[in-house]
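The block underneath contains the structure these notes are about, expressed in structure tokens.
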Protein chains: 4
Amino acid sequence: LWQDQAAPLDSAVLEFTVGEDPVLDLELLPFDCVASAAHAQMLCEIGVLGADELVALRQALVHIERRARAREIAITPEQEDCHTALEALLIEAAGESGRRIHTGRSRNDQVIMALRLLVRERLVGLGQRALAVVGILAELGRAHHRVVMPGFTHTRLAMPSTAGQLFACAGQGLCRSLETWLPALALANRSALGSASGFGVPLGLDRERVAELLALDGVDENTLWVQNSRGQLEAAVLFGLHQTALSVGRLATDLIWYSAEAYGFFGLPEALTTGSSIMPQKRNPDLLELMRAVPAAMLGRYVSVCGTLHGLVSGYHRDLQRTKSPLLGGLREIEAVLNLLAHTLSQISVDAERCSAAVTPELCATDLVYAKVKAGVPFREAYHQVKKAPLVALSSAAILAGRTHLGAPGTDPYPGLMAEVARLDAAWAPYAKAVERCQDLLASA
Amino acid sequence: LWQDQAAPLDSAVLEFTVGEDPVLDLELLPFDCVASAAHAQMLCEIGVLGADELVALRQALVHIERRARAREIAITPEQEDCHTALEALLIEAAGESGRRIHTGRSRNDQVIMALRLLVRERLVGLGQRALAVVGILAELGRAHHRVVMPGFTHTRLAMPSTAGQLFACAGQGLCRSLETWLPALALANRSALGSASGFGVPLGLDRERVAELLALDGVDENTLWVQNSRGQLEAAVLFGLHQTALSVGRLATDLIWYSAEAYGFFGLPEALTTGSSIMPQKRNPDLLELMRAVPAAMLGRYVSVCGTLHGLVSGYHRDLQRTKSPLLGGLREIEAVLNLLAHTLSQISVDAERCSAAVTPELCATDLVYAKVKAGVPFREAYHQVKKAPLVALSSAAILAGRTHLGAPGTDPYPGLMAEVARLDAAWAPYAKAVERCQDLLASA
Amino acid sequence: LWQDQAAPLDSAVLEFTVGEDPVLDLELLPFDCVASAAHAQMLCEIGVLGADELVALRQALVHIERRARAREIAITPEQEDCHTALEALLIEAAGESGRRIHTGRSRNDQVIMALRLLVRERLVGLGQRALAVVGILAELGRAHHRVVMPGFTHTRLAMPSTAGQLFACAGQGLCRSLETWLPALALANRSALGSASGFGVPLGLDRERVAELLALDGVDENTLWVQNSRGQLEAAVLFGLHQTALSVGRLATDLIWYSAEAYGFFGLPEALTTGSSIMPQKRNPDLLELMRAVPAAMLGRYVSVCGTLHGLVSGYHRDLQRTKSPLLGGLREIEAVLNLLAHTLSQISVDAERCSAAVTPELCATDLVYAKVKAGVPFREAYHQVKKAPLVALSSAAILAGRTHLGAPGTDPYPGLMAEVARLDAAWAPYAKAVERCQDLLASA
Amino acid sequence: LWQDQAAPLDSAVLEFTVGEDPVLDLELLPFDCVASAAHAQMLCEIGVLGADELVALRQALVHIERRARAREIAITPEQEDCHTALEALLIEAAGESGRRIHTGRSRNDQVIMALRLLVRERLVGLGQRALAVVGILAELGRAHHRVVMPGFTHTRLAMPSTAGQLFACAGQGLCRSLETWLPALALANRSALGSASGFGVPLGLDRERVAELLALDGVDENTLWVQNSRGQLEAAVLFGLHQTALSVGRLATDLIWYSAEAYGFFGLPEALTTGSSIMPQKRNPDLLELMRAVPAAMLGRYVSVCGTLHGLVSGYHRDLQRTKSPLLGGLREIEAVLNLLAHTLSQISVDAERCSAAVTPELCATDLVYAKVKAGVPFREAYHQVKKAPLVALSSAAILAGRTHLGAPGTDPYPGLMAEVARLDAAWAPYAKAVERCQDLLASA
């Protein structure tokens, strides 16, 4: 298309430089179609494309986008990426109009825009999925909020807690981790188009109009910065996913240990555990273990993306191509994790008897201190008195009765968690709406 | 104080476990004082402390806080941390009332609360400093926005740009990086108090009142989650600082290379460069090089903090102590970087002659393509025509005249950047106000 | 095979837990075949298998190995991995004898053994390839060792150097990086077999015999440690590959910058550069840029593997499955890099004229200092005298004449580098021989 | 000394660029003294220094080295580092001879040489300390090799193991991790001197003679590579320390969990545990938890060092100064960890009763399979038969009797481990001898 036919790229070099792009770019192509539709409309409005040319291009884009979503399009190594493939398809479909589509843009801003639209759509969907998991955790938190079990610090018996507290804790952690996604959503929600290869073009583009058509929150003004943002959006996404993975991983770690034979507080059905090729009696929590391992994979992705940026001068470098695979891999992985987590939580059981049987006297030492505090003894004195006295067990009822303050074990976590869900839903809403409006751009064609 | 005098900790173990805490905690102590004042007031309101006890404690806290800010207090290894040191000082100052202050709390929630207040105050101050740097960059962007210089992609001559575009790019990058701080500010802005060691206490604490007194945006409800948040706040801070360091590092890399003899676009005064012990003629940009290295240090800190969390069950573990040093080190480093960057930018020079002399004909090839586009030739055809034609140089005036769209090189970046500053200032405002209100808590005592 | 037909694993769980294994394990299968042949022979020698059973199994293994190397075997998700697939194929081929092959082993030690054999074979091949690249660099170093060009520190003109010095530097770096592979080779070169799932088996296995048959340097004795080594071998490999990637990346960075228009010391043929879809005149060094990016990807892999290990108790956990993909990905990538590097180096050109034209007077300041030193002036005095005196240029001949000590620019690096190659070849030889002897095990069947 | 008095470095810039060097360099100074003694002797032999000048310089170096080891020397910020401080001290002590010491070198090769000598000496000492810990673990392994306890995979009951197996496993892991230090020792054991700032000097230095005097294994020939090695030696050290930290961390994790109330296999004396400020009954294994956290800190250091190297062209850059602190910090930390580990292991107790009581019937399922295997049933059939049959417990005696192969639980691990220690001792010996010979250089003055 634009490549030099007289001096073709060495085939070994082509294979190395193109790398996984022909596969990865299939995920990007639908977003490149939408961005191209907005770009074409603006080109028409500033007089570069005729009205009929726009119609032809949009029809072609609708068709290509549908085929791309259905994975019916292949990108050849010679095309290098989805952007050249798209231009070729548009020329095939719309002739000379296709040869005008690259006016006012470069593959550099195209890929950034497609990545941003992809990130926005994916994070919106994943966020809703994550909130659904929080809902399940809120229900588990409520269902088991009166099931007393030991609370541990330093993996040692500490003070009484409840099974519900553990589920609600994971729910709250998941909510907090979702807040860390917001910078990625904000960074993704600005237009990159018109920055071309980092220095704009000598043409009167209407960059704000394109942003409006794509339901974006304005334009990333400085054309050079747009190029520098490559890698930083990916880092922001992977940071958010890493934090979510840490929250999920922590719950998985809790469930692995507290469902071990020595604790037995939780149970996994056989269908969610695997066996052993040597030990006939074995049932293993592989699925939870793989969830525990996800944070390390996410951290590796974050390091790989950010490490790529060290030492680069401003502007595009091919090094940045390497940020695509960690980004897409991270998004795919978190989706699988959230799906499996919902699946697992709906089948997990709580063994209330083993939970309460494990609440031994040492767990109640602090309750004894507080009994003295309520009688007017200064805390530090009460502490030393109890330290010397024999330990005494308390009943579950007594334990639960004493804990009344906001968020304490024994209180119902459901309302608080659902308020968090509502708050996050509201924070997500503008992005969700933007995704819809953006999809309409092609649908309405 | 609370340690077992009969069975003291082995001294080698004490040294190892306490580590740097006696030094690091000097930074935390002022925030522990404020948090303690709010906690004491709530204890008084729920009847645990008498009104006169509260007065005595607050006076002591005011005094300790002032001495702590002036670094006049030492923490002994036996005290382990600032929390035990503070309790000891309060007992010394206020007798029995001091022995009541630990009611309804644990060192676990104390340290989290102190860290959150420290993070909030530091990020507010650092954000304002960073916005001041953006202001300097906006001015440089305006001052040099008509100084044509080459734009590079792949470190190769690409299209014409301007010196101002490079400064403005850094300014926009800095603004975007500040958006990545917002989750850290949001996470820091909730109360941890009342969660004790992760399982609350059997006492009717008013956790919301404490949050209100500390000008926080509510309570982190689930007591166990509060413990799990340790490390995740630190990660959020370090992520934000890492992104800022990446933006600064990229500008530093630009300035290092484009002030090298072969380019000479920028100049550093001698007072900002260092010499060599072997080569008498040398002037080196060490200061910019050290800024380029900061992202790697930040990434190391992020990895170290997050790596610590892998594989832990919920609740506090001493491993988490290790997250303190990377957090405080990262905050100190970004402060130095922002100070030095402002200092450097105010002394950097632009060599407009070398800039424009470097704008060779190959940079203008795309302008030739667009001349044809304006004459109606489809872009892809024009591209191929220019590819075969000889290259032609354009004057700076012609180059600048052609670039008119939003954010293009040659346009004035000042208004856009200052609008970003205003937007971020507004996002920062509630936190800045909260910091003030929180400081008033002790001031009013 | 061994899975519970009555309680099959949930299909969503199966997909998630099995992950990429059916694909990745195709690379492992040939090594599992060799290890199985050694294991079978030992079982025969201790009386678990009859002589004819051994013959049948070995014939089947030869056949399966050949098909596996030709990628003619598929592993089903239900089989989970190559180990179960192999057992199934052996049962299919050899009936009851196949049902005996799993005696005295577990998939846990099988996968570790297969990974170690794979690592040994791959590192042997890659090391030889890397040494061939060193040979090319030694030749370039010799060819251009009298081509004077500037030497830079801090990206500033420093002292005279030569083009050959730069190639030889990369050669020496590559050699040093290969030394960092030795721990991985040593760790890989011990037998894991007989450790079963970490606790051995109640049967009189002859573990040393298996090690001998596989041409290994002894047995990893402690059965539990064998399980703990999972992840640590992978880390050792990735560390070595990362160090090699850093050496290659540094050379790539040199070539990118010093072939830029402003320097022009090196040239890349058009067939090794790519174009731009917007700028018709562009030729970009994408291939070198992608080499520069490899260290970041390797670092990400190292972090991901090691991060997985944090917080695990001894013994196998499914988390460790996640170390397979970074290991195999890293090995594949370094292979591509070494191939492309050899390809590139053979086509790179040196522009001796631009090199020597860039040797400006400031580069010669230290030569003036040394002229005074030779006349008896103390170095520090001479330094200060030159600092105040005007700069004087030296001819290339004069520059080269002064530099005579070992390794100085201008001396021929070929003999030294080839001595390093010989030394590394010798260090590699026992492993190369072991790989051959191990391959014979099946060939001789 | 060499700095430009007329154009002094801006003081804020000085503070930022010098950073921690005046403190960190106190550790380097003694090694700079030894290297300087070797350098001076060579300068004398090639006629740059007179014999009496050499005597004066050596006497001064002996004196400075002694004071440096005793921490009696301070480095001022204006001196920047220990190298300038040393030159100033030598001029003070030896007048004009001092002004000759910098002949044929630069601070660039000085710091690299000092770091290499420091690394060699430290790793030799730390390795011996680590081997002593392996000796303790070997003794614990022998002492408890007949104490049956459960073996776990996936944190689930798997097969019988012994308490001794766990200690011996840690010992073997520690040995293997020491093998990963060898590249760092090899990289450190070559001379950097004479490479000056990366391009040698125009003077007939005898680089091989210096290497001989410092008891090094030859010269790093290519002068530019010597500069590129900065950061890669640090990476090699930190990789080795990270692997050791992973081994220690895994043992710590085992001890934390298996000394928890639910398992109780191991016990820690009160003097090695800490208390709680809120829970009077608490004893926490903080010391083990901090050991578990060390791998994350080491990983952060590795990332920070290697991340610094990404994107740099060959030769020195000030960025590399940032590799000093992670290196020295890592060495200090591993020293503390090894000391504390020895201390802890000597006081840990094994509860043989709880160990054996935990060996429940499910652990013996595989023994039942093997009983059938011994009777001739193919393994896979025996496996399925046992799966359907009821579980049966075995006595400790029966369990131990069945496990006879090399390295199985129940066998004495002492001889094997001590053979590993001897092997590593031999690998360490040349480095230990070199350290001694090098120390003699100043002692003999």
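Note on naming: chains are A, B, ... as they come in the structure tokens, residues start from 1 per chain, ligands start from 1 in the order shown.
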Return as a ChimeraX atom specification the residues belonging to chain C that are within 7 Å of chain D, counting only C-alpha atoms. /C:96,99-100,102-103,151-154,159,161,168-169,172-173,179-180,183,199-207,221-225,250,253-254,292,311-318,367,370,378-380,402-409
Set the distance at 7 Å and use only C-alpha atoms: which residues neighbour range 114-128 of chain C once local chain neighbours fewer than 5 positions away are removed? I'd like the list as a list in words.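 Listed by chain and then number, they are Leu28, Phe31, Asp32, Ala35, Leu185, Ala188, Asn189, Glu335, Trp428, Tyr431, Ala432 and Val435 of chain C.
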DSSP strand (DSSP E) residues within range 68-279 of chain B, listed as an mmCIF file with N, CA, C and O atoms, in the first residue's frame:
```
data_model
loop_
_atom_site.group_PDB
_atom_site.id
_atom_site.type_symbol
_atom_site.label_atom_id
_atom_site.label_comp_id
_atom_site.auth_asym_id
_atom_site.auth_seq_id
_atom_site.Cartn_x
_atom_site.Cartn_y
_atom_site.Cartn_z
ATOM 1 N N VAL B 148 11.114 26.974 15.090
ATOM 2 C CA VAL B 148 11.000 25.705 14.364
ATOM 3 C C VAL B 148 12.230 24.831 14.618
ATOM 4 O O VAL B 148 13.357 25.317 14.605
ATOM 5 N N MET B 149 11.989 23.574 14.895
ATOM 6 C CA MET B 149 13.089 22.597 15.020
ATOM 7 C C MET B 149 12.591 21.263 14.474
ATOM 8 O O MET B 149 11.383 21.082 14.266
ATOM 9 N N PRO B 150 13.469 20.319 14.231
ATOM 10 C CA PRO B 150 12.992 19.043 13.697
ATOM 11 C C PRO B 150 12.148 18.284 14.721
ATOM 12 O O PRO B 150 12.425 18.330 15.921
ATOM 13 N N GLY B 151 11.143 17.610 14.222
ATOM 14 C CA GLY B 151 10.437 16.622 15.028
ATOM 15 C C GLY B 151 10.975 15.252 14.648
ATOM 16 O O GLY B 151 11.243 15.000 13.465
ATOM 17 N N PHE B 152 11.160 14.398 15.633
ATOM 18 C CA PHE B 152 11.749 13.079 15.384
ATOM 19 C C PHE B 152 10.770 11.950 15.727
ATOM 20 O O PHE B 152 10.028 12.041 16.708
ATOM 21 N N THR B 153 10.765 10.919 14.908
ATOM 22 C CA THR B 153 10.185 9.643 15.346
ATOM 23 C C THR B 153 11.268 8.605 15.100
ATOM 24 O O THR B 153 12.081 8.759 14.184
ATOM 25 N N ARG B 156 14.725 9.560 14.201
ATOM 26 C CA ARG B 156 15.035 9.966 12.832
ATOM 27 C C ARG B 156 14.238 11.219 12.503
ATOM 28 O O ARG B 156 13.116 11.387 13.007
ATOM 29 N N LEU B 157 14.770 12.063 11.660
ATOM 30 C CA LEU B 157 14.071 13.261 11.199
ATOM 31 C C LEU B 157 12.691 12.874 10.674
ATOM 32 O O LEU B 157 12.576 11.985 9.821
ATOM 33 N N ALA B 158 11.660 13.547 11.148
ATOM 34 C CA ALA B 158 10.304 13.159 10.757
ATOM 35 C C ALA B 158 9.573 14.327 10.083
ATOM 36 O O ALA B 158 9.486 14.396 8.864
ATOM 37 N N MET B 159 9.069 15.258 10.879
ATOM 38 C CA MET B 159 8.347 16.410 10.339
ATOM 39 C C MET B 159 8.745 17.627 11.163
ATOM 40 O O MET B 159 9.269 17.483 12.262
ATOM 41 N N PRO B 160 8.482 18.835 10.695
ATOM 42 C CA PRO B 160 8.874 20.011 11.483
ATOM 43 C C PRO B 160 8.078 20.088 12.782
ATOM 44 O O PRO B 160 6.893 19.739 12.824
ATOM 45 N N SER B 161 8.759 20.530 13.815
ATOM 46 C CA SER B 161 8.101 20.797 15.078
ATOM 47 C C SER B 161 8.658 22.116 15.600
ATOM 48 O O SER B 161 9.282 22.861 14.846
ATOM 49 N N THR B 162 8.409 22.380 16.896
ATOM 50 C CA THR B 162 8.978 23.599 17.479
ATOM 51 C C THR B 162 9.564 23.264 18.838
ATOM 52 O O THR B 162 9.195 22.261 19.457
ATOM 53 N N PHE B 266 19.397 22.902 22.709
ATOM 54 C CA PHE B 266 19.228 23.474 24.054
ATOM 55 C C PHE B 266 20.591 23.638 24.711
ATOM 56 O O PHE B 266 21.546 22.925 24.371
ATOM 57 N N GLY B 267 20.673 24.550 25.655
ATOM 58 C CA GLY B 267 21.927 24.767 26.363
ATOM 59 C C GLY B 267 21.709 24.836 27.870
ATOM 60 O O GLY B 267 20.684 25.341 28.338
#
```
Within 10 Å of range 8-15 of chain A, counting only C-alpha atoms, which residues qualify if same-chain residues fewer than 3 places away don't, as a compact mmCIF listing (two decimals) with all heavy atoms, in the first residue's frame?
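And here is the file that came out, out.txt:
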```
# COMPACT_ATOMS: atom_id res chain seq x y z
N GLN A 3 4.12 0.78 1.38
CA GLN A 3 5.47 0.24 1.46
C GLN A 3 6.17 0.33 0.10
O GLN A 3 5.53 0.36 -0.93
CB GLN A 3 5.44 -1.22 1.93
CG GLN A 3 5.00 -1.41 3.37
CD GLN A 3 3.50 -1.63 3.50
OE1 GLN A 3 2.72 -1.25 2.62
NE2 GLN A 3 3.08 -2.24 4.59
N ASP A 4 7.49 0.36 0.17
CA ASP A 4 8.29 0.53 -1.03
C ASP A 4 8.41 -0.82 -1.74
O ASP A 4 9.11 -1.70 -1.29
CB ASP A 4 9.68 1.04 -0.61
CG ASP A 4 10.32 1.80 -1.75
OD1 ASP A 4 9.94 1.57 -2.91
OD2 ASP A 4 11.18 2.65 -1.45
N GLN A 5 7.72 -0.97 -2.87
CA GLN A 5 7.74 -2.26 -3.57
C GLN A 5 9.13 -2.55 -4.13
O GLN A 5 9.55 -3.69 -4.26
CB GLN A 5 6.69 -2.30 -4.69
CG GLN A 5 5.27 -1.98 -4.24
CD GLN A 5 4.78 -2.85 -3.10
OE1 GLN A 5 5.19 -4.00 -2.98
NE2 GLN A 5 3.92 -2.32 -2.23
N VAL A 18 7.18 -7.39 12.81
CA VAL A 18 5.72 -7.46 12.86
C VAL A 18 5.27 -8.25 14.09
O VAL A 18 4.28 -7.92 14.74
CB VAL A 18 5.17 -8.07 11.56
CG1 VAL A 18 3.72 -8.47 11.72
CG2 VAL A 18 5.34 -7.05 10.43
N GLY A 19 6.03 -9.28 14.42
CA GLY A 19 5.75 -10.05 15.64
C GLY A 19 4.33 -10.55 15.72
O GLY A 19 3.80 -11.10 14.75
N GLU A 20 3.68 -10.36 16.86
CA GLU A 20 2.32 -10.86 17.07
C GLU A 20 1.26 -9.92 16.52
O GLU A 20 0.06 -10.20 16.68
CB GLU A 20 2.03 -11.01 18.56
CG GLU A 20 2.99 -11.84 19.38
CD GLU A 20 2.62 -11.71 20.86
OE1 GLU A 20 3.00 -10.70 21.49
OE2 GLU A 20 1.94 -12.61 21.39
N PRO A 77 1.15 -10.45 7.27
CA PRO A 77 2.39 -9.86 7.80
C PRO A 77 2.84 -8.65 6.99
O PRO A 77 3.34 -7.68 7.54
CB PRO A 77 3.40 -11.00 7.69
CG PRO A 77 2.59 -12.23 7.69
CD PRO A 77 1.29 -11.89 7.04
N GLU A 78 2.65 -8.69 5.66
CA GLU A 78 3.08 -7.57 4.83
C GLU A 78 2.31 -6.30 5.18
O GLU A 78 2.82 -5.20 5.01
CB GLU A 78 2.88 -7.89 3.33
CG GLU A 78 3.85 -8.93 2.82
CD GLU A 78 3.57 -10.31 3.40
OE1 GLU A 78 2.39 -10.60 3.69
OE2 GLU A 78 4.53 -11.08 3.61
N GLU A 80 1.49 -5.54 8.10
CA GLU A 80 2.08 -5.14 9.38
C GLU A 80 1.07 -5.01 10.50
O GLU A 80 1.29 -5.47 11.60
CB GLU A 80 2.86 -3.80 9.28
CG GLU A 80 4.10 -3.88 8.45
CD GLU A 80 4.99 -2.63 8.63
OE1 GLU A 80 4.65 -1.74 9.43
OE2 GLU A 80 6.04 -2.58 7.97
N PRO C 269 21.25 -0.84 5.65
CA PRO C 269 20.68 -0.92 4.29
C PRO C 269 19.16 -0.77 4.35
O PRO C 269 18.53 -1.08 5.36
CB PRO C 269 21.07 -2.33 3.84
CG PRO C 269 21.28 -3.10 5.08
CD PRO C 269 21.78 -2.12 6.11
N GLU C 270 18.60 -0.29 3.24
CA GLU C 270 17.14 -0.07 3.20
C GLU C 270 16.34 -1.31 3.57
O GLU C 270 15.30 -1.21 4.22
CB GLU C 270 16.72 0.39 1.80
CG GLU C 270 17.13 1.83 1.48
CD GLU C 270 15.97 2.64 0.89
OE1 GLU C 270 15.04 2.03 0.31
OE2 GLU C 270 15.97 3.88 1.04
N ALA C 271 16.85 -2.46 3.17
CA ALA C 271 16.08 -3.70 3.42
C ALA C 271 15.93 -3.99 4.90
O ALA C 271 15.13 -4.82 5.31
CB ALA C 271 16.73 -4.88 2.71
N LEU C 272 16.74 -3.34 5.73
CA LEU C 272 16.63 -3.56 7.17
C LEU C 272 15.91 -2.41 7.87
O LEU C 272 15.86 -2.36 9.11
CB LEU C 272 18.02 -3.74 7.79
CG LEU C 272 18.83 -4.96 7.35
CD1 LEU C 272 20.03 -5.14 8.26
CD2 LEU C 272 18.00 -6.23 7.35
N THR C 273 15.35 -1.49 7.11
CA THR C 273 14.62 -0.39 7.74
C THR C 273 13.19 -0.37 7.22
O THR C 273 12.90 -0.92 6.17
CB THR C 273 15.28 0.98 7.44
OG1 THR C 273 15.31 1.15 6.03
CG2 THR C 273 16.69 1.04 7.99
N THR C 274 12.32 0.26 7.96
CA THR C 274 10.91 0.31 7.57
C THR C 274 10.53 1.73 7.20
O THR C 274 11.24 2.68 7.51
CB THR C 274 10.01 -0.18 8.71
OG1 THR C 274 10.20 0.71 9.80
CG2 THR C 274 10.37 -1.58 9.14
N GLY C 275 9.38 1.85 6.57
CA GLY C 275 8.91 3.16 6.13
C GLY C 275 7.78 3.66 7.00
O GLY C 275 7.50 3.13 8.08
N ASP C 286 13.44 0.10 12.99
CA ASP C 286 12.51 -0.63 13.86
C ASP C 286 13.13 -1.87 14.48
O ASP C 286 12.88 -2.21 15.65
CB ASP C 286 11.27 -1.08 13.08
CG ASP C 286 10.47 0.09 12.57
OD1 ASP C 286 11.06 0.97 11.92
OD2 ASP C 286 9.26 0.11 12.83
N LEU C 287 13.90 -2.53 13.69
CA LEU C 287 14.47 -3.81 14.12
C LEU C 287 15.42 -3.61 15.30
O LEU C 287 15.40 -4.37 16.28
CB LEU C 287 15.17 -4.36 12.88
CG LEU C 287 16.39 -5.15 12.88
CD1 LEU C 287 16.02 -6.61 12.70
CD2 LEU C 287 17.23 -4.68 11.69
N ALA C 336 15.31 -15.50 18.51
CA ALA C 336 15.01 -14.57 17.41
C ALA C 336 15.98 -13.40 17.41
O ALA C 336 16.47 -12.97 16.36
CB ALA C 336 13.57 -14.08 17.52
N ASN C 339 19.46 -14.42 16.11
CA ASN C 339 19.40 -14.61 14.66
C ASN C 339 19.40 -13.27 13.93
O ASN C 339 20.14 -13.05 12.99
CB ASN C 339 18.15 -15.40 14.26
CG ASN C 339 18.28 -16.86 14.61
OD1 ASN C 339 19.39 -17.34 14.86
ND2 ASN C 339 17.17 -17.58 14.62
N LEU C 340 18.53 -12.40 14.38
CA LEU C 340 18.40 -11.11 13.70
C LEU C 340 19.63 -10.25 13.88
O LEU C 340 20.00 -9.47 13.00
CB LEU C 340 17.18 -10.36 14.24
CG LEU C 340 15.92 -10.48 13.43
CD1 LEU C 340 16.07 -9.69 12.13
CD2 LEU C 340 15.58 -11.93 13.13
N HIS C 343 22.22 -11.33 11.43
CA HIS C 343 21.73 -10.85 10.15
C HIS C 343 22.03 -9.36 9.97
O HIS C 343 22.51 -8.92 8.92
CB HIS C 343 20.22 -11.08 10.16
CG HIS C 343 19.58 -11.00 8.82
ND1 HIS C 343 19.86 -11.87 7.82
CD2 HIS C 343 18.66 -10.14 8.34
CE1 HIS C 343 19.13 -11.55 6.75
NE2 HIS C 343 18.40 -10.51 7.06
N THR C 344 21.76 -8.58 10.99
CA THR C 344 21.93 -7.13 10.92
C THR C 344 23.41 -6.76 10.85
O THR C 344 23.81 -5.92 10.05
CB THR C 344 21.32 -6.47 12.18
OG1 THR C 344 19.98 -6.92 12.31
CG2 THR C 344 21.34 -4.96 12.07
```
Could you pull out the residues in range 72-223 of chain A that DSSP calls helix (DSSP H, G or I) from the backbone, as a count of residues only? 91
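Distances to Leu26 in chain A were evaluated for A:Ala138, A:Ala85, A:Ala56, A:Leu43 using only C-alpha atoms, and the minimum falls at A:Ala85.
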Which residues come within 12 Å of Leu442 in chain B, counting only C-alpha atoms, excluding same-chain residues fewer than 2 positions away, as a PyMOL selection string? chain B and resi 30-38+40-41+55+57-66+213-214+435-440+444-445
With distances taken over only C-alpha atoms, which residue among D:Val421, D:Gln347, D:Met298, D:Leu216 lies nearest Arg322 in chain B?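 Comparing D:Val421, D:Gln347, D:Met298, D:Leu216 against Arg322 in chain B, the winner is D:Met298.
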Separation of CA of Met418 in chain D and CA of Lys433 in chain D, in Å?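 Those two atoms sit 21.5 Å apart.
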In Å to one decimal, how far is CA of Ile46 in chain C from CA of Glu92 in chain C?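 Atom-to-atom, CA of Glu92 in chain C to CA of Ile46 in chain C, that is 24.2 Å.
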